[in-house]
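Data block for upload_36.txt (compact mmCIF, C-alpha atoms and all ligand atoms):
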# COMPACT_ATOMS: atom_id res chain seq x y z
CA MET A 132 -3.95 28.89 -27.69
CA MET A 133 -5.93 31.75 -26.11
CA ILE A 134 -3.86 33.84 -23.73
CA ASP A 135 -5.97 35.90 -21.37
CA THR A 136 -4.60 35.86 -17.83
CA LEU A 137 -1.47 37.71 -16.81
CA VAL A 138 0.82 35.95 -14.39
CA VAL A 139 2.59 38.02 -11.75
CA ASP A 140 5.82 36.70 -10.29
CA PRO A 141 5.17 36.40 -6.52
CA VAL A 142 8.67 37.60 -5.58
CA TYR A 143 9.43 40.37 -8.04
CA GLY A 144 5.93 41.47 -8.96
CA ALA A 145 6.88 41.63 -12.63
CA ILE A 146 4.60 40.29 -15.30
CA VAL A 147 6.33 37.14 -16.42
CA GLY A 148 3.79 35.52 -18.67
CA ALA A 149 0.22 34.56 -19.31
CA ILE A 150 -1.98 31.51 -18.76
CA ASP A 151 -3.93 29.73 -21.41
CA LYS A 152 -7.35 29.64 -19.72
CA LYS A 153 -8.79 27.12 -22.08
CA ALA A 154 -6.29 24.49 -20.90
CA GLU A 155 -7.42 24.51 -17.26
CA PRO A 156 -10.69 22.55 -17.52
CA VAL A 157 -8.91 19.76 -19.42
CA ALA A 158 -6.36 19.42 -16.62
CA GLU A 159 -9.20 19.46 -14.05
CA GLN A 160 -11.06 16.67 -15.80
CA LYS A 161 -8.09 14.35 -15.64
CA ALA A 162 -7.11 15.26 -12.07
CA GLY A 163 -5.71 12.16 -10.42
CA LEU A 164 -6.14 10.23 -13.72
CA GLU A 165 -9.55 9.13 -12.41
CA ASP A 166 -11.06 6.35 -14.55
CA ILE A 167 -8.21 6.61 -17.07
CA VAL A 168 -7.22 3.21 -18.42
CA ALA A 169 -3.43 3.39 -18.56
CA THR A 170 -2.43 -0.16 -19.49
CA SER A 171 -3.64 -3.70 -20.09
CA SER A 172 -3.01 -6.25 -17.39
CA ALA A 173 -3.90 -9.91 -16.83
CA ILE A 174 -3.36 -9.79 -13.07
CA CYS A 175 -6.21 -8.07 -11.25
CA TYR A 176 -9.90 -7.64 -12.09
CA LEU A 177 -11.69 -4.84 -10.28
CA ASP A 178 -15.32 -3.79 -10.56
CA GLY A 179 -15.87 -0.79 -8.33
CA ASP A 180 -19.65 -0.69 -8.83
CA ARG A 181 -20.27 -4.32 -7.91
CA GLY A 182 -17.48 -4.52 -5.31
CA VAL A 183 -15.66 -7.30 -7.14
CA LEU A 184 -11.95 -7.99 -6.73
CA ALA A 185 -10.33 -11.01 -8.35
CA TYR A 186 -6.72 -12.06 -8.87
CA CYS A 187 -6.33 -13.70 -12.30
CA GLY A 188 -10.04 -14.53 -12.30
CA HIS A 189 -10.16 -15.91 -8.74
CA ASP A 190 -12.61 -14.04 -6.54
CA ILE A 191 -11.01 -12.51 -3.44
CA HIS A 192 -13.71 -14.14 -1.25
CA ASP A 193 -12.62 -17.61 -2.44
CA LEU A 194 -8.97 -16.77 -1.97
CA ALA A 195 -9.61 -15.43 1.55
CA GLU A 196 -11.46 -18.61 2.42
CA TYR A 197 -9.32 -21.30 0.81
CA ALA A 198 -5.90 -20.01 -0.30
CA THR A 199 -2.60 -19.42 1.44
CA PHE A 200 -0.47 -16.35 0.72
CA GLU A 201 2.09 -18.55 -1.05
CA GLU A 202 -0.60 -19.86 -3.43
CA VAL A 203 -1.64 -16.27 -4.13
CA CYS A 204 1.97 -15.30 -4.89
CA TYR A 205 2.19 -18.13 -7.39
CA LEU A 206 -1.15 -17.12 -8.88
CA LEU A 207 -0.06 -13.50 -9.35
CA TRP A 208 3.30 -14.44 -10.86
CA HIS A 209 2.06 -17.29 -13.11
CA ARG A 210 -1.64 -16.35 -13.68
CA ARG A 211 -2.77 -19.79 -12.51
CA LEU A 212 -2.92 -21.75 -9.26
CA PRO A 213 0.05 -24.03 -8.53
CA THR A 214 -0.05 -27.80 -8.44
CA ARG A 215 0.99 -29.35 -5.13
CA ALA A 216 4.55 -29.87 -6.47
CA GLU A 217 4.80 -26.29 -7.79
CA LEU A 218 3.58 -24.94 -4.46
CA GLY A 219 6.16 -27.06 -2.64
CA ASP A 220 8.91 -25.67 -4.89
CA LEU A 221 7.82 -22.10 -4.24
CA GLN A 222 7.67 -22.71 -0.48
CA SER A 223 11.25 -24.05 -0.61
CA GLN A 224 12.43 -21.08 -2.68
CA LEU A 225 10.84 -18.62 -0.25
CA ALA A 226 12.33 -20.46 2.74
CA ALA A 227 15.80 -20.40 1.17
CA ALA A 228 15.53 -16.68 0.38
CA ARG A 229 14.15 -15.51 3.77
CA PRO A 230 17.40 -15.05 5.75
CA LEU A 231 18.87 -11.56 5.38
CA PRO A 232 22.50 -10.82 4.53
CA GLU A 233 24.43 -10.11 7.76
CA ALA A 234 25.36 -6.69 6.37
CA ILE A 235 21.68 -5.72 6.20
CA ILE A 236 21.18 -6.54 9.87
CA ARG A 237 24.30 -4.49 10.71
CA LEU A 238 22.92 -1.59 8.67
CA MET A 239 19.61 -1.86 10.52
CA ARG A 240 21.41 -1.64 13.85
CA GLN A 241 23.26 1.49 12.72
CA MET A 242 20.16 3.31 11.51
CA PRO A 243 18.37 5.83 13.71
CA ALA A 244 14.88 4.95 14.98
CA VAL A 245 13.12 6.27 11.87
CA ASP A 246 9.56 5.63 10.66
CA GLY A 247 9.04 1.99 9.62
CA MET A 248 8.35 2.88 5.99
CA ASP A 249 11.46 5.06 5.77
CA ALA A 250 13.48 2.15 7.15
CA LEU A 251 11.86 -0.27 4.70
CA ARG A 252 12.59 2.02 1.74
CA THR A 253 16.30 2.29 2.65
CA LEU A 254 16.72 -1.38 3.52
CA THR A 255 14.96 -2.67 0.40
CA SER A 256 17.23 -0.47 -1.67
CA ALA A 257 20.25 -1.81 0.22
CA LEU A 258 19.17 -5.42 -0.45
CA ALA A 259 20.00 -4.83 -4.12
CA HIS A 260 23.69 -4.47 -3.24
CA TYR A 261 23.77 -8.03 -1.91
CA ASP A 262 21.88 -9.61 -4.81
CA ARG A 263 24.30 -10.85 -7.47
CA GLU A 264 21.43 -10.94 -9.95
CA ALA A 265 20.27 -7.36 -9.27
CA ALA A 266 21.15 -6.21 -12.79
CA GLU A 267 20.29 -9.51 -14.56
CA THR A 268 17.48 -9.06 -17.06
CA SER A 269 16.58 -12.61 -18.16
CA PRO A 270 12.96 -13.57 -17.31
CA ALA A 271 14.24 -16.38 -15.06
CA ALA A 272 16.46 -13.99 -13.09
CA GLN A 273 13.65 -11.43 -12.81
CA TYR A 274 11.35 -14.14 -11.45
CA ARG A 275 13.95 -15.22 -8.88
CA LYS A 276 14.20 -11.58 -7.76
CA ALA A 277 10.41 -11.40 -7.32
CA VAL A 278 10.59 -14.46 -5.05
CA ARG A 279 13.60 -13.12 -3.12
CA LEU A 280 12.11 -9.67 -2.61
CA THR A 281 8.82 -11.14 -1.39
CA ALA A 282 10.63 -13.47 1.00
CA GLN A 283 13.13 -10.93 2.32
CA VAL A 284 10.89 -7.93 2.80
CA SER A 285 8.94 -9.95 5.38
CA THR A 286 12.15 -10.75 7.30
CA LEU A 287 13.18 -7.08 6.99
CA VAL A 288 9.98 -5.77 8.54
CA ALA A 289 9.83 -8.37 11.33
CA THR A 290 13.51 -7.87 12.19
CA TRP A 291 13.18 -4.09 12.11
CA GLY A 292 10.21 -4.36 14.48
CA ARG A 293 12.23 -6.54 16.85
CA LEU A 294 15.25 -4.28 16.89
CA GLN A 295 13.03 -1.26 17.52
CA ALA A 296 11.58 -3.10 20.52
CA GLY A 297 15.11 -3.58 21.87
CA ALA A 298 15.20 -7.33 21.14
CA GLY A 299 17.57 -9.33 18.95
CA PRO A 300 16.80 -10.67 15.47
CA ILE A 301 15.27 -14.13 15.12
CA ASP A 302 16.19 -16.34 12.18
CA PRO A 303 13.30 -17.46 9.97
CA ASP A 304 12.17 -21.03 10.54
CA PRO A 305 12.18 -22.99 7.26
CA VAL A 306 9.36 -25.18 8.51
CA LEU A 307 6.93 -22.26 8.91
CA GLY A 308 4.94 -20.62 6.12
CA HIS A 309 5.12 -16.95 5.20
CA ALA A 310 2.48 -15.65 7.64
CA ALA A 311 3.63 -17.81 10.58
CA ASN A 312 7.28 -16.90 9.95
CA PHE A 313 6.53 -13.18 10.07
CA LEU A 314 4.74 -13.44 13.43
CA TYR A 315 7.45 -15.76 14.80
CA MET A 316 10.32 -13.48 13.70
CA LEU A 317 8.51 -10.46 15.14
CA THR A 318 7.51 -11.87 18.52
CA GLY A 319 9.91 -14.76 19.11
CA ASN A 320 6.93 -16.98 19.96
CA ARG A 321 5.31 -19.70 17.88
CA PRO A 322 2.03 -18.10 16.85
CA GLY A 323 -1.30 -19.90 17.37
CA ALA A 324 -3.36 -21.19 14.44
CA THR A 325 -5.96 -18.39 14.67
CA ALA A 326 -3.33 -15.64 14.53
CA VAL A 327 -1.52 -17.34 11.64
CA ARG A 328 -4.69 -17.74 9.58
CA ALA A 329 -5.80 -14.16 10.32
CA PHE A 330 -2.44 -12.81 9.23
CA ASP A 331 -2.34 -15.07 6.17
CA VAL A 332 -5.77 -13.77 5.11
CA ALA A 333 -4.64 -10.17 5.69
CA LEU A 334 -1.66 -10.82 3.40
CA ILE A 335 -3.94 -12.36 0.75
CA LEU A 336 -6.32 -9.38 0.86
CA HIS A 337 -3.51 -6.83 0.40
CA ALA A 338 -1.53 -8.71 -2.28
CA ASP A 339 -2.71 -6.82 -5.35
CA HIS A 340 -5.10 -4.11 -6.39
CA GLU A 341 -4.73 -3.32 -10.08
CA LEU A 342 -3.23 0.11 -10.86
CA ASN A 343 -3.22 1.56 -7.35
CA ALA A 344 -0.76 4.42 -6.85
CA SER A 345 2.22 2.35 -5.68
CA THR A 346 1.80 -0.32 -8.36
CA PHE A 347 1.52 2.36 -11.03
CA ALA A 348 4.72 3.92 -9.64
CA ALA A 349 6.43 0.52 -9.88
CA ARG A 350 5.26 0.03 -13.48
CA VAL A 351 6.32 3.52 -14.55
CA SER A 352 9.81 2.82 -13.18
CA ALA A 353 9.97 -0.67 -14.68
CA ALA A 354 8.96 0.72 -18.06
CA THR A 355 12.25 2.62 -18.21
CA LEU A 356 13.86 -0.85 -17.91
CA THR A 357 15.37 0.05 -14.59
CA ASP A 358 16.00 -2.87 -12.22
CA MET A 359 13.31 -4.49 -10.09
CA TYR A 360 14.72 -3.15 -6.81
CA SER A 361 14.51 0.44 -8.06
CA ALA A 362 10.93 -0.14 -9.21
CA VAL A 363 9.73 -1.50 -5.86
CA VAL A 364 11.61 1.12 -3.84
CA GLY A 365 9.58 3.75 -5.72
CA ALA A 366 6.44 1.80 -4.90
CA ILE A 367 7.33 1.72 -1.20
CA GLY A 368 7.67 5.51 -1.25
CA ALA A 369 4.21 5.85 -2.82
CA LEU A 370 2.62 3.38 -0.40
CA LYS A 371 3.86 5.37 2.59
CA GLY A 372 1.52 8.30 1.90
CA PRO A 373 -1.56 8.79 4.14
CA LEU A 374 -3.87 8.70 1.11
CA HIS A 375 -2.59 5.19 0.30
CA GLY A 376 -1.10 2.58 2.66
CA GLY A 377 -0.27 5.07 5.39
CA ALA A 378 -3.98 5.20 6.26
CA ASN A 379 -3.97 1.96 8.29
CA ALA A 380 -1.62 3.40 10.94
CA ASP A 381 -3.63 6.64 10.97
CA VAL A 382 -6.81 4.66 11.71
CA MET A 383 -5.21 3.13 14.80
CA ARG A 384 -3.86 6.50 15.92
CA LEU A 385 -7.42 7.83 15.67
CA LEU A 386 -8.79 4.94 17.75
CA LEU A 387 -6.06 5.39 20.37
CA GLU A 388 -6.74 9.14 20.47
CA LEU A 389 -10.35 8.30 21.33
CA GLY A 390 -9.10 5.79 23.92
CA GLU A 391 -9.94 2.13 24.58
CA ASN A 392 -13.53 1.78 25.81
CA ALA A 393 -14.34 5.35 24.73
CA THR A 394 -18.04 6.05 25.30
CA SER A 395 -20.23 6.28 22.23
CA ASP A 396 -20.84 9.95 23.07
CA ARG A 397 -17.11 10.61 22.94
CA VAL A 398 -16.74 8.76 19.62
CA GLU A 399 -19.72 10.60 18.17
CA SER A 400 -18.61 14.08 19.17
CA ALA A 401 -14.99 13.51 18.03
CA ILE A 402 -15.99 12.19 14.60
CA ARG A 403 -18.65 14.87 14.17
CA ALA A 404 -16.06 17.54 14.98
CA LYS A 405 -13.61 16.11 12.46
CA LEU A 406 -16.25 16.00 9.74
CA ALA A 407 -17.33 19.56 10.57
CA ARG A 408 -13.71 20.66 10.15
CA LYS A 409 -13.76 18.82 6.76
CA GLU A 410 -11.03 16.47 7.94
CA LYS A 411 -10.78 13.15 6.20
CA ILE A 412 -11.44 10.12 8.35
CA PRO A 413 -8.64 7.63 7.63
CA GLY A 414 -9.77 4.27 6.27
CA PHE A 415 -12.82 5.60 4.36
CA GLY A 416 -13.43 6.32 0.72
CA HIS A 417 -11.94 4.83 -2.39
CA ARG A 418 -11.16 6.00 -5.89
CA VAL A 419 -12.59 2.85 -7.51
CA TYR A 420 -15.14 1.26 -5.12
CA HIS A 421 -18.54 2.91 -4.98
CA THR A 422 -19.84 0.16 -2.74
CA GLU A 423 -18.39 -2.07 -0.02
CA ASP A 424 -14.69 -2.82 -0.53
CA PRO A 425 -14.74 -6.65 -0.56
CA ARG A 426 -11.52 -6.72 1.46
CA ALA A 427 -13.17 -4.72 4.25
CA THR A 428 -15.87 -7.41 4.57
CA HIS A 429 -13.24 -9.93 5.71
CA LEU A 430 -11.23 -7.53 7.82
CA ARG A 431 -14.37 -6.37 9.66
CA GLN A 432 -15.12 -9.98 10.63
CA MET A 433 -11.49 -10.63 11.61
CA SER A 434 -11.38 -7.48 13.72
CA LYS A 435 -14.52 -8.61 15.54
CA GLU A 436 -13.38 -12.19 16.17
CA LEU A 437 -9.81 -11.33 17.17
CA GLY A 438 -11.01 -8.49 19.41
CA ILE A 439 -13.28 -10.87 21.32
CA LYS A 440 -10.55 -13.53 21.52
CA ALA A 441 -7.99 -11.00 22.80
CA GLY A 442 -10.46 -9.60 25.36
CA GLN A 443 -10.33 -6.19 23.62
CA PRO A 444 -13.72 -5.93 21.88
CA SER A 445 -13.95 -2.16 22.19
CA TRP A 446 -11.68 -1.33 19.22
CA PHE A 447 -14.08 -3.18 16.96
CA GLN A 448 -17.13 -1.64 18.61
CA MET A 449 -15.72 1.87 18.23
CA SER A 450 -14.79 1.13 14.63
CA GLN A 451 -18.33 -0.03 13.93
CA GLN A 452 -19.74 3.18 15.36
CA ILE A 453 -17.38 5.27 13.23
CA GLU A 454 -18.36 3.24 10.16
CA ALA A 455 -22.05 3.88 10.79
CA MET A 456 -21.45 7.61 11.25
CA VAL A 457 -19.25 8.08 8.18
CA LYS A 458 -21.72 6.09 6.09
CA ALA A 459 -24.64 8.19 7.30
CA GLU A 460 -22.88 11.58 7.09
CA LYS A 461 -20.65 11.15 4.04
CA LYS A 462 -21.99 8.04 2.26
CA LEU A 463 -18.48 6.62 2.35
CA ASN A 464 -17.58 2.96 2.94
CA PRO A 465 -14.60 1.66 4.88
CA ASN A 466 -11.67 0.61 2.71
CA VAL A 467 -9.02 -2.09 3.28
CA ASP A 468 -7.22 0.05 5.85
CA PHE A 469 -10.06 0.68 8.28
CA TYR A 470 -10.52 -2.71 9.93
CA SER A 471 -6.96 -3.86 9.31
CA ALA A 472 -5.90 -1.36 12.01
CA SER A 473 -7.85 -3.00 14.86
CA THR A 474 -7.05 -6.46 13.43
CA TYR A 475 -3.28 -5.83 13.64
CA TYR A 476 -3.64 -4.15 17.03
CA THR A 477 -5.32 -7.15 18.59
CA LEU A 478 -2.63 -9.36 17.04
CA GLY A 479 -0.15 -7.32 19.13
CA ILE A 480 1.63 -5.74 16.15
CA PRO A 481 3.25 -2.30 16.75
CA ILE A 482 1.51 0.53 14.84
CA ASP A 483 4.72 1.59 13.11
CA LEU A 484 4.68 -1.75 11.27
CA TYR A 485 1.14 -1.54 9.86
CA THR A 486 2.09 0.14 6.58
CA PRO A 487 5.30 -1.91 6.22
CA ILE A 488 3.11 -5.04 6.58
CA PHE A 489 1.02 -3.76 3.67
CA ALA A 490 4.29 -3.72 1.71
CA VAL A 491 5.16 -7.26 2.91
CA SER A 492 2.03 -8.42 1.12
CA ARG A 493 1.94 -5.99 -1.81
CA MET A 494 5.51 -6.92 -2.79
CA SER A 495 3.93 -9.95 -4.48
CA GLY A 496 1.63 -7.72 -6.56
CA TRP A 497 4.29 -5.09 -7.31
CA THR A 498 6.71 -7.72 -8.57
CA ALA A 499 3.96 -9.44 -10.61
CA HIS A 500 3.21 -6.12 -12.32
CA VAL A 501 6.91 -5.40 -12.88
CA LEU A 502 7.32 -8.84 -14.49
CA GLU A 503 4.28 -8.15 -16.67
CA GLN A 504 5.66 -4.75 -17.65
CA TYR A 505 9.08 -6.20 -18.56
CA ALA A 506 7.42 -8.93 -20.63
CA ASN A 507 5.64 -6.45 -22.89
CA ASN A 508 7.31 -3.13 -22.37
CA ARG A 509 6.88 0.31 -23.77
CA LEU A 510 8.15 3.42 -22.00
CA ILE A 511 5.33 5.10 -20.03
CA ARG A 512 5.51 8.76 -20.89
CA PRO A 513 2.24 10.71 -20.82
CA ARG A 514 1.73 14.39 -21.59
CA ALA A 515 0.60 17.40 -19.55
CA ASP A 516 -1.71 20.24 -20.55
CA TYR A 517 0.60 23.21 -20.38
CA ILE A 518 -0.96 26.08 -18.40
CA GLY A 519 2.20 28.06 -17.53
CA PRO A 520 3.58 31.37 -18.83
CA ALA A 521 3.00 31.87 -22.55
CA TYR A 522 5.67 30.86 -25.02
CA PRO A 523 7.92 32.57 -26.02
CA GLN A 524 9.11 34.59 -23.03
CA ARG A 525 11.56 37.40 -23.63
CA TRP A 526 14.91 36.86 -21.87
CA ILE A 527 15.54 39.66 -19.33
CA PRO A 528 19.11 39.91 -18.04
CA VAL A 529 19.30 39.37 -14.28
CA ALA A 530 20.31 43.00 -13.56
CA GLN A 531 17.07 44.25 -15.14
CA ARG A 532 14.61 41.83 -13.45
C1 LIG B 1 -8.94 7.13 -0.84
C2 LIG B 1 -9.06 8.57 -1.25
C3 LIG B 1 -7.66 9.15 -1.38
C4 LIG B 1 -9.78 8.62 -2.61
O1 LIG B 1 -9.67 9.90 -3.04
P1 LIG B 1 -10.44 10.57 -4.27
O2 LIG B 1 -11.04 9.54 -5.14
O3 LIG B 1 -9.48 11.51 -4.88
O4 LIG B 1 -11.62 11.35 -3.57
P2 LIG B 1 -11.53 12.79 -2.94
O5 LIG B 1 -10.39 12.88 -1.98
O6 LIG B 1 -11.56 13.78 -4.05
O7 LIG B 1 -12.88 12.82 -2.14
C5 LIG B 1 -14.17 13.08 -2.70
C6 LIG B 1 -15.05 13.71 -1.63
O8 LIG B 1 -15.23 12.78 -0.56
C7 LIG B 1 -14.66 13.30 0.64
N1 LIG B 1 -13.91 12.24 1.28
C8 LIG B 1 -13.17 11.30 0.66
N2 LIG B 1 -12.62 10.49 1.57
C9 LIG B 1 -13.01 10.95 2.76
C10 LIG B 1 -12.75 10.53 4.08
N3 LIG B 1 -11.97 9.47 4.33
N4 LIG B 1 -13.32 11.21 5.10
C11 LIG B 1 -14.12 12.27 4.87
N5 LIG B 1 -14.39 12.72 3.63
C12 LIG B 1 -13.84 12.07 2.60
C13 LIG B 1 -13.72 14.41 0.21
O9 LIG B 1 -13.51 15.36 1.22
C14 LIG B 1 -14.44 14.95 -0.98
O10 LIG B 1 -15.50 15.75 -0.52
P3 LIG B 1 -15.89 17.10 -1.29
O11 LIG B 1 -16.32 16.66 -2.67
O12 LIG B 1 -16.98 17.65 -0.44
O13 LIG B 1 -14.65 17.93 -1.30
C15 LIG B 1 -9.88 9.37 -0.21
O14 LIG B 1 -11.13 8.77 -0.04
C16 LIG B 1 -9.16 9.50 1.11
O15 LIG B 1 -8.35 10.41 1.28
N6 LIG B 1 -9.45 8.60 2.09
C17 LIG B 1 -8.77 8.65 3.37
C18 LIG B 1 -7.40 8.00 3.27
C19 LIG B 1 -7.48 6.51 3.07
O16 LIG B 1 -8.21 5.81 3.76
N7 LIG B 1 -6.69 6.01 2.13
C20 LIG B 1 -6.62 4.60 1.84
C21 LIG B 1 -7.22 4.28 0.52
S1 LIG B 1 -7.34 2.55 0.24

Could you express the structure from this file as structure tokens?
Ligand SMILES: CC(C)(COP(=O)(O)OP(=O)(O)OC[C@H]1O[C@@H](n2cnc3c(N)ncnc32)[C@H](O)[C@@H]1OP(=O)(O)O)[C@@H](O)C(=O)NCCC(=O)NCCS
Amino acid sequence: MMIDTLVVDPVYGAIVGAIDKKAEPVAEQKAGLEDIVATSSAICYLDGDRGVLAYCGHDIHDLAEYATFEEVCYLLWHRRLPTRAELGDLQSQLAAARPLPEAIIRLMRQMPAVDGMDALRTLTSALAHYDREAAETSPAAQYRKAVRLTAQVSTLVATWGRLQAGAGPIDPDPVLGHAANFLYMLTGNRPGATAVRAFDVALILHADHELNASTFAARVSAATLTDMYSAVVGAIGALKGPLHGGANADVMRLLLELGENATSDRVESAIRAKLARKEKIPGFGHRVYHTEDPRATHLRQMSKELGIKAGQPSWFQMSQQIEAMVKAEKKLNPNVDFYSASTYYTLGIPIDLYTPIFAVSRMSGWTAHVLEQYANNRLIRPRADYIGPAYPQRWIPVAQR
């Protein structure tokens, strides 16, 4: 170790140690663990150069066209598509698990009007207290928890949205599928076929994405053999951040700041000013994709079609202009969050629920990864390049510091 930089304590001004300069470039290289392969997984295939995303070998474009969210859940948990009977069983299990414990609804009513992701984090954690199998570790019990969490988190988010709007909770309808149930529990109205399919596709597109930050957080927790609830609560915390799932709500805030029907001059000057200030434009850029994010292809189309149908085409038009500018100026493509914002907006979903909805879908992927981790576990415990004060430091009694 070569010690060549003295470190001065910012408060006391005393020399407290030295930095090993040679260690810094190593830490730089691995910043953000970019391109580091941290585990093996049979769940998600991602090719960032070709823009390919596949769940267990099934291309996302096929899934978005033909699958339902329930089929995708089965696929992620079992690594193969279900037969008709298996799908029916899963639909029944989800329907049976959807209603929330009364105590959870009481807790929701007592909570202050916090951010939707903060509420989701607390309420998902609280769900564990009402699950008799929370600490059960058999594979069958873990699987049942994956189903329950996926079913209940949707009811949680829809019910939270309703209570925040000053309305009462609506019980899930066992006849409706996952996407339709969410929209029904949120609005109290039977959703139309177009809205249900759009929401179902949005859930499919968000279900899994290899070792994204929140899934990695879930796997790191699961690898300590903590319970599934603890693992997914950590994932919810990671998803909340504006560099991850929080970006979809930020996109809509940006569009609203510009205003519906904003002129193209206004859009252009606002985006140019942001780029000049080196601000990040939410919904652009990706750690893995160096080309079009295949999920954005579908969401762009959905945003366009739903915008026209809802008589609000301007959100899509403004988004398109922003996309063209950011592509030209920064060579960055829209990611999954960019067009999901205007898609959810035209579906009438409150902005505070956009990131929680990401979690409603991603719960399927998180739990699939947690199951995979439990099935072949080894504690995840990497190392850090130490660049702090040199060892050993001399102990100075407090009176002499
Ligand atoms: C997704 C994201 C976190 C990936 O981050 P990353 O791989 O660490 O890339 P960096 O943040 O280091 O960005 C690399 C360069 O592109 C720029 N850049 C990245 N995303 C940008 C954005 N959305 N708007 C403007 N510039 C952006 C950075 O400023 C940086 O430029 P520089 O080299 O001149 O400093 C990043 O693109 C981002 O913050 N996007 C906005 C938030 C978002 O949409 N998140 C959802 C991701 S699915």

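Neighbouring residues of A:Val501 at 8 Å or closer, counting all atoms listed in the file and skipping chain neighbours under 5 positions away, are Ala349, Arg350, Ala353, Met359 and Ala362 of chain A.
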
*Which of these, A:Ala296, A:Ala427, A:Met456, A:Ile482, has the shortest distance to A:Arg384 once you count all atoms listed in the file?*
A:Ile482

*Residues up to 6 Å from ligand LIG 1 (chain B), counting all atoms listed in the file: could you list those as a ChimeraX atom specification?*
/A:373-376,378,411-418,466-467

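Atom to atom, atom CA of A:Ser171 and atom CA of A:Glu202 stand 23.4 Å apart.
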
*In Å, rounded to a single decimal, give me how far atom CA of A:Val364 is from atom CA of A:Leu225.*
20.1 Å

The centre and edge lengths of an axis-aligned box containing all atoms of stretch 201-208 of chain A present in the file, extended by 5 Å on each side, are to be given in Å to one decimal, as lines of an AutoDock Vina configuration file.
center_x = 0.8
center_y = -16.7
center_z = -6.0
size_x = 14.9
size_y = 16.4
size_z = 19.8

Selection: 10 Å around A:Ser256, all atoms listed in the file, excl. self and same-chain fewer than 6 positions, as a short mmCIF file (atom, residue, chain, number, x, y, z; two decimals) with C-alpha atoms, keeping the file's coordinate frame:
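File written: part-v6.cif
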data_model
loop_
_atom_site.label_atom_id
_atom_site.label_comp_id
_atom_site.auth_asym_id
_atom_site.auth_seq_id
_atom_site.Cartn_x
_atom_site.Cartn_y
_atom_site.Cartn_z
CA ALA A 250 13.48 2.15 7.15
CA TYR A 360 14.72 -3.15 -6.81
CA SER A 361 14.51 0.44 -8.06
CA ALA A 362 10.93 -0.14 -9.21
CA VAL A 363 9.73 -1.50 -5.86
CA VAL A 364 11.61 1.12 -3.84
CA GLY A 365 9.58 3.75 -5.72
#

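Non-sequential neighbours of A:Lys440 (distance at most 12 Å, separation of 5 or more positions within a chain, all atoms listed in the file) are Gly323, Thr325, Ala326, Met433, Ser434, Lys435, Ser445, Phe447, Thr474, Thr477 and Leu478 of chain A.
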
Who sits within 12 Å of stretch 190-195 of chain A, only C-alpha atoms, same chain under 5 positions skipped, as an mmCIF file with C-alpha atoms, in the frame of the given file:
data_model
loop_
_atom_site.group_PDB
_atom_site.id
_atom_site.type_symbol
_atom_site.label_atom_id
_atom_site.label_comp_id
_atom_site.auth_asym_id
_atom_site.auth_seq_id
_atom_site.Cartn_x
_atom_site.Cartn_y
_atom_site.Cartn_z
ATOM 1 C CA CYS A 175 -6.210 -8.070 -11.250
ATOM 2 C CA TYR A 176 -9.900 -7.640 -12.090
ATOM 3 C CA LEU A 177 -11.690 -4.840 -10.280
ATOM 4 C CA ASP A 178 -15.320 -3.790 -10.560
ATOM 5 C CA GLY A 182 -17.480 -4.520 -5.310
ATOM 6 C CA VAL A 183 -15.660 -7.300 -7.140
ATOM 7 C CA LEU A 184 -11.950 -7.990 -6.730
ATOM 8 C CA ALA A 185 -10.330 -11.010 -8.350
ATOM 9 C CA PHE A 200 -0.470 -16.350 0.720
ATOM 10 C CA GLU A 201 2.090 -18.550 -1.050
ATOM 11 C CA GLU A 202 -0.600 -19.860 -3.430
ATOM 12 C CA VAL A 203 -1.640 -16.270 -4.130
ATOM 13 C CA CYS A 204 1.970 -15.300 -4.890
ATOM 14 C CA LEU A 206 -1.150 -17.120 -8.880
ATOM 15 C CA LEU A 212 -2.920 -21.750 -9.260
ATOM 16 C CA ARG A 328 -4.690 -17.740 9.580
ATOM 17 C CA ALA A 329 -5.800 -14.160 10.320
ATOM 18 C CA PHE A 330 -2.440 -12.810 9.230
ATOM 19 C CA ASP A 331 -2.340 -15.070 6.170
ATOM 20 C CA VAL A 332 -5.770 -13.770 5.110
ATOM 21 C CA ALA A 333 -4.640 -10.170 5.690
ATOM 22 C CA LEU A 334 -1.660 -10.820 3.400
ATOM 23 C CA ILE A 335 -3.940 -12.360 0.750
ATOM 24 C CA LEU A 336 -6.320 -9.380 0.860
ATOM 25 C CA HIS A 337 -3.510 -6.830 0.400
ATOM 26 C CA ALA A 338 -1.530 -8.710 -2.280
ATOM 27 C CA ASP A 339 -2.710 -6.820 -5.350
ATOM 28 C CA HIS A 340 -5.100 -4.110 -6.390
ATOM 29 C CA ASP A 424 -14.690 -2.820 -0.530
ATOM 30 C CA PRO A 425 -14.740 -6.650 -0.560
ATOM 31 C CA ARG A 426 -11.520 -6.720 1.460
ATOM 32 C CA ALA A 427 -13.170 -4.720 4.250
ATOM 33 C CA THR A 428 -15.870 -7.410 4.570
ATOM 34 C CA HIS A 429 -13.240 -9.930 5.710
ATOM 35 C CA LEU A 430 -11.230 -7.530 7.820
ATOM 36 C CA GLN A 432 -15.120 -9.980 10.630
ATOM 37 C CA MET A 433 -11.490 -10.630 11.610
#

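Separating atom CA of A:Ala228 from atom CA of A:Ala282 is a distance of 5.9 Å.
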
_Between A:Ile480, A:Ile367, A:Ala162, A:Ala259, which residue has the minimum interatomic distance to A:Arg493, considering all atoms listed in the file?_
A:Ile367

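Each of A:Ile236, A:Ile527, A:Ala266, A:Leu294 was checked against A:Asp358 using only C-alpha atoms; the smallest atom-to-atom distance is that of A:Ala266.
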